[in-house]
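Have a look at model-v4.pdb below; it lists PDB, C-alpha atoms and all ligand atoms.
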```
ATOM      1  CA  MET E 337       5.886  14.196 -13.075  1.00  0.00           C
ATOM      2  CA  THR E 338       8.846  11.888 -12.655  1.00  0.00           C
ATOM      3  CA  SER E 339       8.334   8.494 -11.103  1.00  0.00           C
ATOM      4  CA  GLY E 340       9.947   7.390  -7.903  1.00  0.00           C
ATOM      5  CA  ALA E 341      11.946  10.553  -7.365  1.00  0.00           C
ATOM      6  CA  ALA E 342       9.281  12.239  -5.277  1.00  0.00           C
ATOM      7  CA  ILE E 343       8.935   9.316  -2.890  1.00  0.00           C
ATOM      8  CA  ARG E 344      10.839   9.397   0.353  1.00  0.00           C
ATOM      9  CA  ARG E 345      10.879   7.507   3.593  1.00  0.00           C
ATOM     10  CA  ALA E 346       8.491   8.959   6.161  1.00  0.00           C
ATOM     11  CA  ARG E 347       9.680   9.971   9.619  1.00  0.00           C
ATOM     12  CA  PRO E 348       7.983  10.444  12.984  1.00  0.00           C
ATOM     13  CA  ALA E 349       7.922  14.179  12.169  1.00  0.00           C
ATOM     14  CA  ASP E 350       5.465  13.380   9.340  1.00  0.00           C
ATOM     15  CA  LEU E 351       2.789  12.341  11.832  1.00  0.00           C
ATOM     16  CA  ASP E 352       0.557  15.384  11.220  1.00  0.00           C
ATOM     17  CA  ARG E 353       0.470  15.059   7.444  1.00  0.00           C
ATOM     18  CA  ILE E 354      -0.049  11.304   7.555  1.00  0.00           C
ATOM     19  CA  GLU E 355      -2.862  11.676  10.069  1.00  0.00           C
ATOM     20  CA  ALA E 356      -4.522  14.289   7.829  1.00  0.00           C
ATOM     21  CA  LEU E 357      -4.273  11.976   4.829  1.00  0.00           C
ATOM     22  CA  GLU E 358      -5.689   9.068   6.828  1.00  0.00           C
ATOM     23  CA  ARG E 359      -8.700  11.175   7.779  1.00  0.00           C
ATOM     24  CA  GLU E 360      -9.171  12.346   4.228  1.00  0.00           C
ATOM     25  CA  CYS E 361      -9.025   8.802   2.839  1.00  0.00           C
ATOM     26  CA  PHE E 362     -10.729   6.773   5.519  1.00  0.00           C
ATOM     27  CA  GLY E 363     -12.701   9.178   7.687  1.00  0.00           C
ATOM     28  CA  THR E 364     -12.919   8.601  11.398  1.00  0.00           C
ATOM     29  CA  VAL E 365     -15.078   5.507  11.514  1.00  0.00           C
ATOM     30  CA  ASP E 366     -13.846   3.435   8.595  1.00  0.00           C
ATOM     31  CA  GLY E 367     -10.842   1.779  10.152  1.00  0.00           C
ATOM     32  CA  ALA E 368      -8.569   4.813   9.979  1.00  0.00           C
ATOM     33  CA  PHE E 369      -5.581   4.671  12.264  1.00  0.00           C
ATOM     34  CA  SER E 370      -5.812   6.842  15.329  1.00  0.00           C
ATOM     35  CA  ARG E 371      -3.061   9.368  15.983  1.00  0.00           C
ATOM     36  CA  ARG E 372      -1.751   7.134  18.723  1.00  0.00           C
ATOM     37  CA  GLN E 373      -1.608   4.114  16.425  1.00  0.00           C
ATOM     38  CA  LEU E 374       0.122   6.170  13.751  1.00  0.00           C
ATOM     39  CA  ARG E 375       2.709   7.458  16.201  1.00  0.00           C
ATOM     40  CA  ARG E 376       3.467   3.921  17.288  1.00  0.00           C
ATOM     41  CA  LEU E 377       3.630   2.669  13.723  1.00  0.00           C
ATOM     42  CA  LEU E 378       5.956   5.473  12.680  1.00  0.00           C
ATOM     43  CA  ALA E 379       8.322   4.502  15.472  1.00  0.00           C
ATOM     44  CA  ASN E 380       8.062   0.758  14.817  1.00  0.00           C
ATOM     45  CA  PRO E 381      11.397  -0.545  13.513  1.00  0.00           C
ATOM     46  CA  ARG E 382       9.526  -3.208  11.540  1.00  0.00           C
ATOM     47  CA  ALA E 383       7.432  -0.634   9.703  1.00  0.00           C
ATOM     48  CA  ARG E 384       8.707   1.117   6.626  1.00  0.00           C
ATOM     49  CA  TRP E 385       6.770   4.165   5.586  1.00  0.00           C
ATOM     50  CA  MET E 386       6.959   5.771   2.189  1.00  0.00           C
ATOM     51  CA  LEU E 387       5.605   9.196   1.542  1.00  0.00           C
ATOM     52  CA  ALA E 388       4.947  10.846  -1.798  1.00  0.00           C
ATOM     53  CA  ALA E 389       3.671  14.095  -3.210  1.00  0.00           C
ATOM     54  CA  ASP E 390       4.415  16.109  -0.099  1.00  0.00           C
ATOM     55  CA  GLY E 391       2.397  13.873   2.156  1.00  0.00           C
ATOM     56  CA  GLN E 392      -0.543  13.353  -0.191  1.00  0.00           C
ATOM     57  CA  ALA E 393       0.154   9.676  -0.748  1.00  0.00           C
ATOM     58  CA  VAL E 394       1.555   7.141   1.669  1.00  0.00           C
ATOM     59  CA  ALA E 395       2.346   3.456   1.998  1.00  0.00           C
ATOM     60  CA  CYS E 396       3.238   1.498   5.093  1.00  0.00           C
ATOM     61  CA  TRP E 397       4.973  -1.865   4.894  1.00  0.00           C
ATOM     62  CA  LEU E 398       5.549  -4.196   7.807  1.00  0.00           C
ATOM     63  CA  THR E 399       8.478  -6.575   7.746  1.00  0.00           C
ATOM     64  CA  ALA E 400       8.179 -10.000   9.275  1.00  0.00           C
ATOM     65  CA  GLY E 401      10.080 -13.194   9.769  1.00  0.00           C
ATOM     66  CA  ASN E 402      13.713 -13.956  10.237  1.00  0.00           C
ATOM     67  CA  GLY E 403      16.363 -16.182   8.781  1.00  0.00           C
ATOM     68  CA  ARG E 404      15.316 -17.410   5.352  1.00  0.00           C
ATOM     69  CA  ALA E 405      11.606 -16.785   5.762  1.00  0.00           C
ATOM     70  CA  ARG E 406      11.235 -13.040   5.489  1.00  0.00           C
ATOM     71  CA  TRP E 407       8.215 -11.387   4.048  1.00  0.00           C
ATOM     72  CA  LEU E 408       6.624  -7.989   3.685  1.00  0.00           C
ATOM     73  CA  ARG E 409       3.099  -7.037   4.501  1.00  0.00           C
ATOM     74  CA  LEU E 410       1.567  -4.068   2.771  1.00  0.00           C
ATOM     75  CA  TYR E 411      -0.172  -2.597   5.749  1.00  0.00           C
ATOM     76  CA  SER E 412      -1.618   0.595   4.371  1.00  0.00           C
ATOM     77  CA  LEU E 413      -1.803   2.411   1.068  1.00  0.00           C
ATOM     78  CA  ALA E 414      -3.579   5.723   0.640  1.00  0.00           C
ATOM     79  CA  VAL E 415      -3.606   8.400  -2.036  1.00  0.00           C
ATOM     80  CA  HIS E 416      -5.387  11.709  -1.530  1.00  0.00           C
ATOM     81  CA  PRO E 417      -8.662  11.723  -3.494  1.00  0.00           C
ATOM     82  CA  GLY E 418      -7.471  14.747  -5.455  1.00  0.00           C
ATOM     83  CA  LEU E 419      -4.385  12.885  -6.701  1.00  0.00           C
ATOM     84  CA  ARG E 420      -5.895   9.544  -7.617  1.00  0.00           C
ATOM     85  CA  GLY E 421      -5.549   8.137 -11.084  1.00  0.00           C
ATOM     86  CA  GLN E 422      -2.154   9.774 -11.592  1.00  0.00           C
ATOM     87  CA  GLY E 423      -0.001   6.776 -10.854  1.00  0.00           C
ATOM     88  CA  TRP E 424       0.899   7.473  -7.223  1.00  0.00           C
ATOM     89  CA  GLY E 425      -0.469   4.151  -6.045  1.00  0.00           C
ATOM     90  CA  LYS E 426       1.651   2.361  -8.623  1.00  0.00           C
ATOM     91  CA  ARG E 427       4.743   4.344  -7.751  1.00  0.00           C
ATOM     92  CA  LEU E 428       4.382   3.601  -4.062  1.00  0.00           C
ATOM     93  CA  LEU E 429       3.891  -0.093  -4.751  1.00  0.00           C
ATOM     94  CA  SER E 430       6.812  -0.176  -7.166  1.00  0.00           C
ATOM     95  CA  SER E 431       9.112   1.542  -4.698  1.00  0.00           C
ATOM     96  CA  GLY E 432       8.144  -0.670  -1.776  1.00  0.00           C
ATOM     97  CA  LEU E 433       8.377  -3.906  -3.714  1.00  0.00           C
ATOM     98  CA  ALA E 434      11.698  -2.901  -5.280  1.00  0.00           C
ATOM     99  CA  TRP E 435      13.026  -2.132  -1.826  1.00  0.00           C
ATOM    100  CA  GLY E 436      11.704  -5.467  -0.551  1.00  0.00           C
ATOM    101  CA  ARG E 437      13.461  -7.346  -3.332  1.00  0.00           C
ATOM    102  CA  THR E 438      16.782  -5.658  -2.627  1.00  0.00           C
ATOM    103  CA  GLN E 439      16.376  -6.561   1.045  1.00  0.00           C
ATOM    104  CA  GLY E 440      15.850 -10.202   0.187  1.00  0.00           C
ATOM    105  CA  PHE E 441      12.202 -10.517   1.180  1.00  0.00           C
ATOM    106  CA  SER E 442      10.690 -13.547  -0.485  1.00  0.00           C
ATOM    107  CA  ALA E 443       7.018 -12.612  -0.487  1.00  0.00           C
ATOM    108  CA  CYS E 444       4.554  -9.824   0.060  1.00  0.00           C
ATOM    109  CA  ARG E 445       1.125 -10.172   1.600  1.00  0.00           C
ATOM    110  CA  ALA E 446      -1.792  -7.821   1.768  1.00  0.00           C
ATOM    111  CA  GLU E 447      -5.408  -7.802   2.794  1.00  0.00           C
ATOM    112  CA  VAL E 448      -8.044  -5.743   1.109  1.00  0.00           C
ATOM    113  CA  ARG E 449     -11.803  -5.370   1.189  1.00  0.00           C
ATOM    114  CA  ALA E 450     -13.360  -7.779  -1.258  1.00  0.00           C
ATOM    115  CA  SER E 451     -15.400  -4.882  -2.645  1.00  0.00           C
ATOM    116  CA  ASN E 452     -12.384  -2.586  -3.183  1.00  0.00           C
ATOM    117  CA  HIS E 453     -12.127  -3.267  -6.905  1.00  0.00           C
ATOM    118  CA  GLY E 454      -9.796  -0.360  -7.658  1.00  0.00           C
ATOM    119  CA  ALA E 455      -7.172  -1.489  -5.157  1.00  0.00           C
ATOM    120  CA  ARG E 456      -7.573  -5.135  -6.181  1.00  0.00           C
ATOM    121  CA  ARG E 457      -6.969  -4.225  -9.793  1.00  0.00           C
ATOM    122  CA  LEU E 458      -3.874  -2.280  -8.818  1.00  0.00           C
ATOM    123  CA  TYR E 459      -2.478  -5.223  -6.836  1.00  0.00           C
ATOM    124  CA  GLU E 460      -3.281  -7.640  -9.646  1.00  0.00           C
ATOM    125  CA  GLN E 461      -1.214  -5.524 -12.015  1.00  0.00           C
ATOM    126  CA  PHE E 462       1.756  -6.170  -9.773  1.00  0.00           C
ATOM    127  CA  GLY E 463       1.176  -9.909  -9.760  1.00  0.00           C
ATOM    128  CA  PHE E 464      -0.644 -10.311  -6.449  1.00  0.00           C
ATOM    129  CA  ARG E 465      -2.924 -13.338  -6.435  1.00  0.00           C
ATOM    130  CA  GLU E 466      -5.826 -14.174  -4.164  1.00  0.00           C
ATOM    131  CA  ALA E 467      -4.682 -16.452  -1.341  1.00  0.00           C
ATOM    132  CA  GLY E 468      -7.887 -16.717   0.653  1.00  0.00           C
ATOM    133  CA  ARG E 469     -11.200 -15.142   1.595  1.00  0.00           C
ATOM    134  CA  LEU E 470     -11.551 -13.458   4.966  1.00  0.00           C
ATOM    135  CA  PRO E 471     -15.207 -13.500   5.993  1.00  0.00           C
ATOM    136  CA  ASP E 472     -16.255 -10.524   8.160  1.00  0.00           C
ATOM    137  CA  TYR E 473     -12.641  -9.362   8.279  1.00  0.00           C
ATOM    138  CA  TYR E 474     -13.598  -5.684   8.253  1.00  0.00           C
ATOM    139  CA  GLY E 475     -16.727  -6.031  10.300  1.00  0.00           C
ATOM    140  CA  ARG E 476     -19.942  -7.944  10.092  1.00  0.00           C
ATOM    141  CA  GLY E 477     -20.773  -8.659   6.473  1.00  0.00           C
ATOM    142  CA  ILE E 478     -17.642  -6.911   5.192  1.00  0.00           C
ATOM    143  CA  ASP E 479     -15.359  -9.546   3.759  1.00  0.00           C
ATOM    144  CA  GLY E 480     -11.690  -9.225   3.002  1.00  0.00           C
ATOM    145  CA  VAL E 481      -9.386 -10.980   0.595  1.00  0.00           C
ATOM    146  CA  ARG E 482      -5.864 -12.089   1.367  1.00  0.00           C
ATOM    147  CA  LEU E 483      -3.405 -11.443  -1.451  1.00  0.00           C
ATOM    148  CA  ALA E 484       0.077 -12.795  -1.960  1.00  0.00           C
ATOM    149  CA  LEU E 485       2.987 -12.014  -4.238  1.00  0.00           C
ATOM    150  CA  ASP E 486       6.105 -14.123  -4.660  1.00  0.00           C
ATOM    151  CA  LEU E 487       8.874 -11.531  -4.823  1.00  0.00           C
ATOM    152  CA  ARG E 488      11.437 -14.022  -6.096  1.00  0.00           C
ATOM    153  CA  ARG E 489       9.443 -14.898  -9.179  1.00  0.00           C
ATOM    154  CA  ALA E 490       7.151 -12.017  -9.971  1.00  0.00           C
ATOM    155  CA  ARG E 491       8.219  -9.334 -12.383  1.00  0.00           C
ATOM    156  CA  PRO E 492       7.557  -5.726 -11.440  1.00  0.00           C
ATOM    157  CA  ALA E 493       4.410  -4.335 -13.044  1.00  0.00           C
ATOM    158  CA  ALA E 494       4.692  -2.402 -16.263  1.00  0.00           C
ATOM    159  CA  GLY E 495       4.079   0.773 -14.298  1.00  0.00           C
ATOM    160  CA  PRO E 496       2.140   3.851 -15.228  1.00  0.00           C
ATOM    161  CA  ARG E 497       1.820   4.730 -18.893  1.00  0.00           C
ATOM    162  CA  ALA E 498       5.135   5.866 -20.354  1.00  0.00           C
ATOM    163  CA  GLU E 499       6.832   5.738 -16.954  1.00  0.00           C
ATOM    164  CA  THR E 500       8.781   2.586 -16.627  1.00  0.00           C
ATOM    165  CA  ASN E 501       9.618   2.915 -12.965  1.00  0.00           C
ATOM    166  CA  SER E 502       7.005   3.004 -11.951  1.00  0.00           C
ATOM    167  CA  ARG E 503      -5.764  -4.011   6.880  1.00  0.00           C
ATOM    168  CA  VAL E 504      -3.494  -4.173   4.712  1.00  0.00           C
ATOM    169  CA  ARG E 505      -6.403  -3.427   6.818  1.00  0.00           C
ATOM    170  CA  ARG E 506      -8.962  -2.184   4.358  1.00  0.00           C
TER     171      ARG E 506
HETATM  172  C1  LIG E 601      -6.395   2.364  -4.282  1.00  0.00           C
HETATM  173  C2  LIG E 601      -5.563   3.651  -4.395  1.00  0.00           C
HETATM  174  C3  LIG E 601      -4.365   3.562  -3.449  1.00  0.00           C
HETATM  175  C4  LIG E 601      -5.069   3.776  -5.844  1.00  0.00           C
HETATM  176  O1  LIG E 601      -4.229   4.902  -5.923  1.00  0.00           O
HETATM  177  P1  LIG E 601      -4.053   5.725  -7.297  1.00  0.00           P
HETATM  178  O2  LIG E 601      -2.899   6.634  -7.127  1.00  0.00           O
HETATM  179  O3  LIG E 601      -5.343   6.322  -7.708  1.00  0.00           O
HETATM  180  O4  LIG E 601      -3.697   4.543  -8.310  1.00  0.00           O
HETATM  181  P2  LIG E 601      -2.941   4.679  -9.689  1.00  0.00           P
HETATM  182  O5  LIG E 601      -3.265   5.981 -10.330  1.00  0.00           O
HETATM  183  O6  LIG E 601      -1.521   4.353  -9.490  1.00  0.00           O
HETATM  184  O7  LIG E 601      -3.691   3.540 -10.500  1.00  0.00           O
HETATM  185  C5  LIG E 601      -3.104   2.290 -10.625  1.00  0.00           C
HETATM  186  C6  LIG E 601      -4.097   1.231 -11.036  1.00  0.00           C
HETATM  187  O8  LIG E 601      -5.024   0.988  -9.995  1.00  0.00           O
HETATM  188  C7  LIG E 601      -6.266   0.586 -10.559  1.00  0.00           C
HETATM  189  N1  LIG E 601      -7.260   1.513 -10.066  1.00  0.00           N
HETATM  190  C8  LIG E 601      -7.057   2.520  -9.195  1.00  0.00           C
HETATM  191  N2  LIG E 601      -8.228   3.126  -8.902  1.00  0.00           N
HETATM  192  C9  LIG E 601      -9.167   2.466  -9.602  1.00  0.00           C
HETATM  193  C10 LIG E 601     -10.577   2.595  -9.704  1.00  0.00           C
HETATM  194  N3  LIG E 601     -11.245   3.545  -9.030  1.00  0.00           N
HETATM  195  N4  LIG E 601     -11.230   1.737 -10.495  1.00  0.00           N
HETATM  196  C11 LIG E 601     -10.577   0.787 -11.176  1.00  0.00           C
HETATM  197  N5  LIG E 601      -9.244   0.608 -11.124  1.00  0.00           N
HETATM  198  C12 LIG E 601      -8.558   1.442 -10.341  1.00  0.00           C
HETATM  199  C13 LIG E 601      -6.115   0.617 -12.050  1.00  0.00           C
HETATM  200  O9  LIG E 601      -5.776  -0.675 -12.461  1.00  0.00           O
HETATM  201  C14 LIG E 601      -4.930   1.558 -12.243  1.00  0.00           C
HETATM  202  O10 LIG E 601      -4.179   1.276 -13.368  1.00  0.00           O
HETATM  203  P3  LIG E 601      -4.568   1.856 -14.822  1.00  0.00           P
HETATM  204  O11 LIG E 601      -4.758   3.326 -14.652  1.00  0.00           O
HETATM  205  O12 LIG E 601      -3.380   1.480 -15.655  1.00  0.00           O
HETATM  206  O13 LIG E 601      -5.810   1.138 -15.204  1.00  0.00           O
HETATM  207  C15 LIG E 601      -6.429   4.906  -4.068  1.00  0.00           C
HETATM  208  O14 LIG E 601      -7.596   4.867  -4.833  1.00  0.00           O
HETATM  209  C16 LIG E 601      -6.811   5.068  -2.599  1.00  0.00           C
HETATM  210  O15 LIG E 601      -6.064   5.649  -1.818  1.00  0.00           O
HETATM  211  N6  LIG E 601      -7.979   4.543  -2.220  1.00  0.00           N
HETATM  212  C17 LIG E 601      -8.480   4.636  -0.840  1.00  0.00           C
HETATM  213  C18 LIG E 601      -7.657   3.791   0.100  1.00  0.00           C
HETATM  214  C19 LIG E 601      -7.560   2.359  -0.376  1.00  0.00           C
HETATM  215  O16 LIG E 601      -8.528   1.764  -0.822  1.00  0.00           O
HETATM  216  N7  LIG E 601      -6.340   1.806  -0.250  1.00  0.00           N
HETATM  217  C20 LIG E 601      -6.034   0.460  -0.733  1.00  0.00           C
HETATM  218  C21 LIG E 601      -6.337  -0.565   0.246  1.00  0.00           C
HETATM  219  S1  LIG E 601      -5.514  -0.283   1.751  1.00  0.00           S
END
```
Step by step, read the file and then write its structure as structure tokens.
Ligand SMILES: CC(C)(COP(=O)(O)OP(=O)(O)OC[C@H]1O[C@@H](n2cnc3c(N)ncnc32)[C@H](O)[C@@H]1OP(=O)(O)O)[C@@H](O)C(=O)NCCC(=O)NCCS
Amino acid sequence: MTSGAAIRRARPADLDRIEALERECFGTVDGAFSRRQLRRLLANPRARWMLAADGQAVACWLTAGNGRARWLRLYSLAVHPGLRGQGWGKRLLSSGLAWGRTQGFSACRAEVRASNHGARRLYEQFGFREAGRLPDYYGRGIDGVRLALDLRRARPAAGPRAETNSRVRR
């Protein structure tokens, strides 16, 4: 599998496959986006969607700010359970962050469930650092963590083995 090459920008026409992946990854009650929310997000000019593996892995980045203060927010990242552990999460992060750097964004932010150790480890590999606790962020008793990455200083992560390229609401 080559890195990066299989990742493309998602379009409104990808709504069905993204909705299916959302359901597969987050179910219907665990904060998954509704179809309506996804349609709006896909049409949002401040959202950049990246799709990989024929719709089996997706990332959504929101852009914010203007002038000199411009930052990215990793809004969603999901890999189909059957494709996890194969480097798709890393590739999507690498692609989005590389794009953000070329666009001059100075920082990236993300939120993740405090208990989501797999995702936290992934973000740490890319240099994200904890920037605050978010009590009850995902519901009563379900804390979140705010993460931040300085895009001007941080080096890209090493990437998946032997491949050098390599709410958020959950
Ligand atoms: C988190 C998620 C995106 C990772 O995707 P993935 O394609 O499996 O990740 P990769 O194969 O690229 O793994 C990259 C790194 O993530 C970390 N990681 C991923 N899953 C992990 C797990 N279950 N346990 C521990 N570390 C894990 C590891 O550090 C791994 O690097 P390594 O293999 O060199 O140790 C995926 O598990 C997923 O979609 N989860 C459900 C949705 C979610 O939690 N999204 C993130 C918050 S929005």
For ligand LIG 601 (chain E), return the neighbouring residues as a JSON list (two decimals) with C-alpha atoms, keeping the file's coordinate frame (distance at most 9 Å; only C-alpha atoms and all ligand atoms).
```
[["chain", "number", "residue", "atom", "x", "y", "z"],
["E", 358, "GLU", "CA", -5.69, 9.07, 6.83],
["E", 361, "CYS", "CA", -9.02, 8.80, 2.84],
["E", 362, "PHE", "CA", -10.73, 6.77, 5.52],
["E", 393, "ALA", "CA", 0.15, 9.68, -0.75],
["E", 394, "VAL", "CA", 1.56, 7.14, 1.67],
["E", 395, "ALA", "CA", 2.35, 3.46, 2.00],
["E", 410, "LEU", "CA", 1.57, -4.07, 2.77],
["E", 411, "TYR", "CA", -0.17, -2.60, 5.75],
["E", 412, "SER", "CA", -1.62, 0.60, 4.37],
["E", 413, "LEU", "CA", -1.80, 2.41, 1.07],
["E", 414, "ALA", "CA", -3.58, 5.72, 0.64],
["E", 415, "VAL", "CA", -3.61, 8.40, -2.04],
["E", 416, "HIS", "CA", -5.39, 11.71, -1.53],
["E", 417, "PRO", "CA", -8.66, 11.72, -3.49],
["E", 418, "GLY", "CA", -7.47, 14.75, -5.46],
["E", 419, "LEU", "CA", -4.38, 12.88, -6.70],
["E", 420, "ARG", "CA", -5.90, 9.54, -7.62],
["E", 421, "GLY", "CA", -5.55, 8.14, -11.08],
["E", 422, "GLN", "CA", -2.15, 9.77, -11.59],
["E", 423, "GLY", "CA", 0.00, 6.78, -10.85],
["E", 424, "TRP", "CA", 0.90, 7.47, -7.22],
["E", 425, "GLY", "CA", -0.47, 4.15, -6.04],
["E", 426, "LYS", "CA", 1.65, 2.36, -8.62],
["E", 427, "ARG", "CA", 4.74, 4.34, -7.75],
["E", 428, "LEU", "CA", 4.38, 3.60, -4.06],
["E", 429, "LEU", "CA", 3.89, -0.09, -4.75],
["E", 446, "ALA", "CA", -1.79, -7.82, 1.77],
["E", 447, "GLU", "CA", -5.41, -7.80, 2.79],
["E", 448, "VAL", "CA", -8.04, -5.74, 1.11],
["E", 449, "ARG", "CA", -11.80, -5.37, 1.19],
["E", 452, "ASN", "CA", -12.38, -2.59, -3.18],
["E", 453, "HIS", "CA", -12.13, -3.27, -6.90],
["E", 454, "GLY", "CA", -9.80, -0.36, -7.66],
["E", 455, "ALA", "CA", -7.17, -1.49, -5.16],
["E", 456, "ARG", "CA", -7.57, -5.14, -6.18],
["E", 457, "ARG", "CA", -6.97, -4.22, -9.79],
["E", 458, "LEU", "CA", -3.87, -2.28, -8.82],
["E", 459, "TYR", "CA", -2.48, -5.22, -6.84],
["E", 460, "GLU", "CA", -3.28, -7.64, -9.65],
["E", 461, "GLN", "CA", -1.21, -5.52, -12.02],
["E", 494, "ALA", "CA", 4.69, -2.40, -16.26],
["E", 495, "GLY", "CA", 4.08, 0.77, -14.30],
["E", 496, "PRO", "CA", 2.14, 3.85, -15.23],
["E", 497, "ARG", "CA", 1.82, 4.73, -18.89],
["E", 502, "SER", "CA", 7.00, 3.00, -11.95],
["E", 503, "ARG", "CA", -5.76, -4.01, 6.88],
["E", 504, "VAL", "CA", -3.49, -4.17, 4.71],
["E", 505, "ARG", "CA", -6.40, -3.43, 6.82],
["E", 506, "ARG", "CA", -8.96, -2.18, 4.36]]
```
Atom-to-atom span, atom CA of Phe462 of chain E and atom CA of Ser430 of chain E, Å: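 Going from atom CA of Phe462 of chain E over to atom CA of Ser430 of chain E covers 8.3 Å.
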Need the shell around Arg465 of chain E: protein/DNA/RNA residues with any atom at most 7 Å away, counting only C-alpha atoms. Skip same-chain ones fewer than 5 positions apart. Format as a ChimeraX atom specification? /E:460,483-485
Skip Arg353 of chain E itself and residues of its chain fewer than 6 positions away, then list as number ranges by chain all residues within 9 Å of it, counting all atoms listed in the file. E: 390-392
Write out, as a compact mmCIF listing (two decimals), in the coordinates of the input, the residues just selected, with C-alpha atoms.
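The resulting file, result_14.txt, is shown below:
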```txt
# COMPACT_ATOMS: atom_id res chain seq x y z
CA ASP E 390 4.42 16.11 -0.10
CA GLY E 391 2.40 13.87 2.16
CA GLN E 392 -0.54 13.35 -0.19
```
Hey, what's within 12 Å of Leu351 of chain E if we count only C-alpha atoms and toss same-chain stuff fewer than 2 positions away? As number ranges by chain, please? E: 346-349, 353-358, 369-379, 385, 387, 391, 394
